[in-house]
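Shown here: my_file-v5.txt, compact mmCIF, C-alpha atoms.
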# COMPACT_ATOMS: atom_id res chain seq x y z
CA MET A 1 4.27 -24.12 -0.25
CA MET A 2 7.12 -22.25 -1.94
CA THR A 3 5.73 -21.37 -5.34
CA LEU A 4 7.00 -18.50 -7.49
CA PRO A 5 4.04 -16.24 -6.51
CA ASN A 6 4.71 -16.91 -2.81
CA ILE A 7 8.42 -16.18 -3.26
CA LEU A 8 7.50 -12.85 -4.89
CA THR A 9 5.18 -12.02 -1.99
CA LEU A 10 7.82 -12.91 0.59
CA SER A 11 10.42 -10.84 -1.30
CA ARG A 12 8.03 -7.90 -1.13
CA ILE A 13 7.88 -8.24 2.65
CA GLY A 14 11.66 -8.68 2.79
CA LEU A 15 12.23 -5.43 0.88
CA ILE A 16 10.31 -3.36 3.45
CA PRO A 17 13.31 -3.00 5.85
CA VAL A 18 15.51 -1.99 2.88
CA PHE A 19 12.88 0.59 1.93
CA MET A 20 12.87 1.95 5.49
CA VAL A 21 16.66 2.27 5.67
CA LEU A 22 16.79 4.11 2.33
CA PHE A 23 13.96 6.37 3.45
CA TYR A 24 15.93 7.57 6.48
CA LEU A 25 19.13 7.98 4.47
CA GLN A 26 17.51 10.67 2.32
CA PRO A 27 19.02 14.19 2.42
CA ASN A 28 16.33 15.67 4.71
CA TYR A 29 17.37 13.18 7.38
CA LEU A 30 21.11 13.75 6.98
CA GLU A 31 23.30 16.81 7.13
CA GLY A 32 25.59 17.54 4.23
CA THR A 33 25.45 17.01 0.48
CA PRO A 34 22.10 15.91 -0.97
CA LEU A 35 22.18 12.35 -2.28
CA PRO A 36 19.62 12.06 -5.11
CA TRP A 37 20.69 8.48 -5.84
CA ILE A 38 19.22 7.49 -2.46
CA ASN A 39 15.84 8.94 -3.43
CA ASN A 40 16.05 7.23 -6.84
CA SER A 41 16.87 3.91 -5.11
CA LEU A 42 13.99 4.38 -2.66
CA VAL A 43 11.52 5.04 -5.49
CA ALA A 44 12.91 2.08 -7.48
CA ILE A 45 12.41 -0.24 -4.47
CA PHE A 46 8.84 1.01 -4.05
CA ILE A 47 8.12 0.44 -7.76
CA LEU A 48 9.62 -3.06 -7.50
CA ILE A 49 7.45 -3.84 -4.46
CA SER A 50 4.36 -2.52 -6.29
CA LEU A 51 5.14 -4.62 -9.38
CA THR A 52 5.57 -7.79 -7.33
CA ASP A 53 2.12 -7.05 -5.88
CA PHE A 54 0.71 -7.17 -9.40
CA PHE A 55 2.74 -10.14 -10.64
CA ASP A 56 2.35 -12.49 -7.68
CA GLY A 57 -1.43 -12.57 -8.09
CA LEU A 58 -1.23 -12.77 -11.88
CA LEU A 59 1.27 -15.65 -11.78
CA ALA A 60 -0.71 -17.49 -9.11
CA ARG A 61 -3.78 -17.47 -11.37
CA ARG A 62 -1.92 -18.20 -14.63
CA LEU A 63 0.21 -20.99 -13.18
CA ASN A 64 -2.70 -22.33 -11.13
CA GLN A 65 -0.60 -21.90 -7.98
CA ILE A 66 -3.14 -20.22 -5.72
CA SER A 67 -2.38 -21.41 -2.19
CA GLU A 68 -3.64 -20.75 1.32
CA LEU A 69 -0.25 -19.26 2.20
CA GLY A 70 -0.40 -16.89 -0.77
CA THR A 71 -4.01 -15.96 -0.06
CA PHE A 72 -2.98 -15.05 3.48
CA LEU A 73 0.36 -13.36 2.70
CA ASP A 74 -0.67 -11.20 -0.28
CA PRO A 75 -3.04 -8.83 1.55
CA VAL A 76 -0.69 -8.78 4.57
CA ALA A 77 2.22 -7.70 2.35
CA ASP A 78 0.04 -5.01 0.71
CA LYS A 79 -1.09 -3.59 4.02
CA LEU A 80 2.42 -3.70 5.52
CA MET A 81 3.88 -1.77 2.61
CA VAL A 82 1.13 0.85 2.45
CA CYS A 83 1.07 1.37 6.23
CA VAL A 84 4.87 1.58 6.56
CA ALA A 85 5.12 4.04 3.63
CA LEU A 86 2.30 6.23 4.98
CA ILE A 87 3.80 6.33 8.48
CA LEU A 88 7.19 7.32 7.04
CA LEU A 89 5.60 9.98 4.80
CA THR A 90 3.66 11.37 7.77
CA ASP A 91 6.97 11.74 9.61
CA TYR A 92 8.69 13.24 6.59
CA TYR A 93 6.10 15.88 5.68
CA ALA A 94 4.69 16.54 9.18
CA THR A 95 1.55 18.22 7.80
CA TRP A 96 -2.13 17.42 8.26
CA PHE A 97 -2.48 17.18 4.45
CA VAL A 98 -0.57 13.90 4.67
CA THR A 99 -1.32 12.87 8.27
CA ILE A 100 -5.14 12.86 8.20
CA PRO A 101 -5.49 10.85 4.94
CA SER A 102 -2.79 8.46 6.21
CA VAL A 103 -4.62 7.88 9.51
CA ILE A 104 -7.88 7.26 7.61
CA ILE A 105 -6.24 4.79 5.22
CA ILE A 106 -4.38 2.90 7.98
CA SER A 107 -7.52 2.78 10.16
CA ARG A 108 -9.54 1.37 7.28
CA GLU A 109 -6.90 -1.29 6.61
CA LEU A 110 -6.99 -2.38 10.25
CA LEU A 111 -10.78 -2.40 10.34
CA VAL A 112 -11.12 -4.44 7.14
CA SER A 113 -8.42 -6.89 8.28
CA ALA A 114 -10.25 -7.44 11.56
CA LEU A 115 -13.55 -7.80 9.70
CA ARG A 116 -12.06 -10.36 7.28
CA GLU A 117 -10.63 -12.37 10.17
CA TRP A 118 -13.98 -12.40 11.96
CA MET A 119 -15.86 -13.30 8.76
CA ALA A 120 -13.42 -16.18 8.14
CA GLU A 121 -14.11 -17.45 11.66
CA VAL A 122 -17.85 -17.55 11.03
CA GLY A 123 -17.34 -19.10 7.58
CA LYS A 124 -18.53 -16.11 5.53
CA ARG A 125 -15.24 -14.83 4.10
CA ALA A 126 -16.65 -14.91 0.53
CA HIS A 127 -19.08 -12.14 1.48
CA ILE A 128 -16.23 -9.64 1.56
CA ALA A 129 -14.18 -10.59 -1.50
CA VAL A 130 -11.99 -7.88 -3.02
CA SER A 131 -13.99 -5.60 -5.31
CA TRP A 132 -12.94 -3.33 -8.17
CA ILE A 133 -13.22 -0.40 -5.75
CA GLY A 134 -10.67 -2.05 -3.46
CA LYS A 135 -8.30 -2.74 -6.34
CA THR A 136 -8.64 0.84 -7.63
CA LYS A 137 -8.08 2.13 -4.10
CA THR A 138 -4.86 0.11 -3.78
CA PHE A 139 -3.60 1.38 -7.16
CA MET A 140 -4.36 5.01 -6.18
CA GLN A 141 -2.62 4.58 -2.82
CA MET A 142 0.50 3.17 -4.47
CA LEU A 143 0.55 5.98 -7.05
CA ALA A 144 0.05 8.66 -4.37
CA ILE A 145 2.85 7.20 -2.25
CA LEU A 146 5.13 7.03 -5.29
CA PHE A 147 4.59 10.72 -6.06
CA LEU A 148 5.09 11.70 -2.41
CA LEU A 149 8.30 9.68 -2.20
CA TYR A 150 9.85 11.32 -5.27
CA HIS A 151 11.62 14.50 -4.14
CA GLN A 152 13.07 15.65 -7.45
CA PRO A 153 11.90 17.36 -10.64
CA LEU A 154 10.65 15.01 -13.37
CA PHE A 155 10.57 16.08 -17.04
CA THR A 156 8.67 19.40 -17.05
CA LEU A 157 7.26 18.89 -13.54
CA SER A 158 8.91 20.68 -10.65
CA LYS A 159 9.44 19.07 -7.25
CA ASP A 160 6.42 21.06 -5.99
CA ASP A 161 4.24 19.87 -8.91
CA ILE A 162 5.07 16.26 -7.99
CA TYR A 163 4.24 16.91 -4.33
CA TYR A 164 0.85 18.48 -5.14
CA ALA A 165 0.02 15.68 -7.59
CA GLY A 166 0.86 13.21 -4.80
CA LEU A 167 -1.43 15.06 -2.39
CA ALA A 168 -4.30 15.07 -4.92
CA LEU A 169 -3.83 11.33 -5.49
CA LEU A 170 -3.68 10.74 -1.73
CA PHE A 171 -7.00 12.53 -1.23
CA ALA A 172 -8.56 10.56 -4.11
CA ALA A 173 -7.21 7.33 -2.58
CA THR A 174 -8.68 8.37 0.79
CA ALA A 175 -12.12 8.88 -0.77
CA LEU A 176 -11.93 5.41 -2.39
CA THR A 177 -10.67 4.01 0.92
CA LEU A 178 -13.73 5.35 2.75
CA TRP A 179 -16.07 4.10 0.01
CA SER A 180 -14.64 0.58 -0.09
CA GLY A 181 -14.36 0.45 3.72
CA PHE A 182 -18.02 1.41 4.04
CA ASN A 183 -18.98 -1.34 1.55
CA TYR A 184 -16.97 -3.92 3.52
CA LEU A 185 -18.56 -2.78 6.77
CA ILE A 186 -22.10 -3.05 5.35
CA ALA A 187 -21.33 -6.55 4.00
CA GLY A 188 -19.93 -7.55 7.38
CA LEU A 189 -22.84 -6.11 9.39
CA LYS A 190 -25.34 -8.05 7.27
CA THR A 191 -23.84 -11.30 8.53
CA PHE A 192 -24.69 -10.40 12.13
CA ASP A 193 -28.39 -10.87 11.32
CA SER A 194 -27.98 -14.32 9.72

Could you express the structure from this file as structure tokens?
Amino acid sequence: MMTLPNILTLSRIGLIPVFMVLFYLQPNYLEGTPLPWINNSLVAIFILISLTDFFDGLLARRLNQISELGTFLDPVADKLMVCVALILLTDYYATWFVTIPSVIIISRELLVSALREWMAEVGKRAHIAVSWIGKTKTFMQMLAILFLLYHQPLFTLSKDDIYYAGLALLFAATALTLWSGFNYLIAGLKTFDS
């Protein structure tokens, strides 16, 4: 069912390869003159992807176009973008400050995806609906990734200030990731007894 929300979700998935190419065209991956326009384009693509994440759900509810395809694709697109960005950032920074939170976040995403699939099989998917913690976690992850992607000064903030703000947001997102993952796991384990 090709509704506007589904087209937005599919465009988000389609922009991931563009995001990856721009990521590897950044100055740290090339010799020669720095190309700040590449970093600006990379950040703009990530912002666009993040905005489509917000608008596809909003439009689906407002236009009453919630579909099974959209319900399936939306979380897949979210997880693809977050996991791809975190893997690329782990490669770029090559430090445990980024690697350990990234591994925790990606592991949680895989665990919750598997749990949702199993719960859907046993007909108890509603027991693990998205909570406000999960939504806050996603927002914090996107913001952390955005800061870690931006390799230039911004207003009065230096490049280092932006990096440290990104790290702080990443650690906050990791804490929310563990909290929401624990809640999902408890909800899932309760269904084993029923």

Practice prompt. For segment 46-60 of chain A, work out the shell of residues within 9 Å, counting all atoms listed in the file and skipping chain neighbours fewer than 4 positions away, then give it as a PyMOL selection string.
Written response: chain A and resi 3-9+11-13+15-16+19+41-42+64-67+70+74+77-78+81+139+142+145-146+149

Worksheet item: Do you know which residues are at most 7 Å from segment 170-186 of chain A counting all atoms listed in the file, after dropping those on the same chain fewer than 2 positions away, and could you put them as an NGL selection string?
Response: :A and (101 or 104-105 or 108 or 112 or 128 or 133-134 or 137 or 140-141 or 144 or 166-168 or 188-190)

Discussion item. At a cut-off of 9 Å, using all atoms listed in the file, what residues contact Ile106 of chain A? Leave out same-chain residues fewer than 3 positions from it and give the result as an MDAnalysis selection string.
Written reply: chainID A and resid 79 82:83 86:87 101:103 109:111

Practice prompt. May I ask for the distance between atom CA of Tyr24 of chain A and atom CA of Leu157 of chain A, given in Å to one decimal place?
Written response: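 Result for atom CA of Tyr24 of chain A versus atom CA of Leu157 of chain A: 24.6 Å, one decimal.
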
Worksheet entry | For atom CA of Leu143 of chain A and atom CA of Val84 of chain A, the interatomic separation in Å (one decimal) | 14.9 Å

Worksheet item: What is the distance between atom CA of Thr71 of chain A and atom CA of Leu148 of chain A, in Å to one decimal?
Response: 29.2 Å

Worksheet, complete the sentence: Using only C-alpha atoms, the best pick from A:Phe155, A:Tyr93, A:Phe147, A:Tyr164 as closest to Tyr29 of chain A would be A:Tyr93

Complete the atom set of segment 3-21 of chain A to N, CA and C atoms and return it as an mmCIF file, keeping the file's coordinate frame.
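Generated output (part_0.cif):
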data_model
loop_
_atom_site.group_PDB
_atom_site.id
_atom_site.type_symbol
_atom_site.label_atom_id
_atom_site.label_comp_id
_atom_site.auth_asym_id
_atom_site.auth_seq_id
_atom_site.Cartn_x
_atom_site.Cartn_y
_atom_site.Cartn_z
ATOM 1 N N THR A 3 5.947 -21.563 -3.908
ATOM 2 C CA THR A 3 5.730 -21.370 -5.340
ATOM 3 C C THR A 3 6.335 -20.027 -5.726
ATOM 4 N N LEU A 4 6.464 -19.773 -7.013
ATOM 5 C CA LEU A 4 7.000 -18.500 -7.490
ATOM 6 C C LEU A 4 6.172 -17.308 -6.978
ATOM 7 N N PRO A 5 4.827 -17.367 -7.052
ATOM 8 C CA PRO A 5 4.040 -16.240 -6.510
ATOM 9 C C PRO A 5 4.309 -16.001 -5.021
ATOM 10 N N ASN A 6 4.442 -17.075 -4.236
ATOM 11 C CA ASN A 6 4.710 -16.910 -2.810
ATOM 12 C C ASN A 6 6.100 -16.333 -2.555
ATOM 13 N N ILE A 7 7.064 -16.738 -3.383
ATOM 14 C CA ILE A 7 8.420 -16.180 -3.260
ATOM 15 C C ILE A 7 8.396 -14.682 -3.554
ATOM 16 N N LEU A 8 7.633 -14.278 -4.575
ATOM 17 C CA LEU A 8 7.500 -12.850 -4.890
ATOM 18 C C LEU A 8 6.878 -12.094 -3.715
ATOM 19 N N THR A 9 5.849 -12.676 -3.121
ATOM 20 C CA THR A 9 5.180 -12.020 -1.990
ATOM 21 C C THR A 9 6.130 -11.900 -0.809
ATOM 22 N N LEU A 10 6.866 -12.960 -0.516
ATOM 23 C CA LEU A 10 7.820 -12.910 0.590
ATOM 24 C C LEU A 10 8.953 -11.922 0.311
ATOM 25 N N SER A 11 9.369 -11.816 -0.961
ATOM 26 C CA SER A 11 10.420 -10.840 -1.300
ATOM 27 C C SER A 11 9.910 -9.422 -1.100
ATOM 28 N N ARG A 12 8.627 -9.219 -1.359
ATOM 29 C CA ARG A 12 8.030 -7.900 -1.130
ATOM 30 C C ARG A 12 8.102 -7.536 0.349
ATOM 31 N N ILE A 13 7.790 -8.480 1.207
ATOM 32 C CA ILE A 13 7.880 -8.240 2.650
ATOM 33 C C ILE A 13 9.338 -8.021 3.054
ATOM 34 N N GLY A 14 10.241 -8.805 2.472
ATOM 35 C CA GLY A 14 11.660 -8.680 2.790
ATOM 36 C C GLY A 14 12.273 -7.360 2.359
ATOM 37 N N LEU A 15 11.700 -6.717 1.342
ATOM 38 C CA LEU A 15 12.230 -5.430 0.880
ATOM 39 C C LEU A 15 11.778 -4.248 1.746
ATOM 40 N N ILE A 16 10.807 -4.463 2.617
ATOM 41 C CA ILE A 16 10.310 -3.360 3.450
ATOM 42 C C ILE A 16 11.403 -2.779 4.351
ATOM 43 N N PRO A 17 12.217 -3.601 5.057
ATOM 44 C CA PRO A 17 13.310 -3.000 5.850
ATOM 45 C C PRO A 17 14.318 -2.224 5.001
ATOM 46 N N VAL A 18 14.598 -2.711 3.793
ATOM 47 C CA VAL A 18 15.510 -1.990 2.880
ATOM 48 C C VAL A 18 14.900 -0.638 2.527
ATOM 49 N N PHE A 19 13.616 -0.636 2.232
ATOM 50 C CA PHE A 19 12.880 0.590 1.930
ATOM 51 C C PHE A 19 12.983 1.573 3.096
ATOM 52 N N MET A 20 12.821 1.081 4.315
ATOM 53 C CA MET A 20 12.870 1.950 5.490
ATOM 54 C C MET A 20 14.258 2.565 5.687
ATOM 55 N N VAL A 21 15.290 1.760 5.524
ATOM 56 C CA VAL A 21 16.660 2.270 5.670
ATOM 57 C C VAL A 21 16.932 3.355 4.646
#
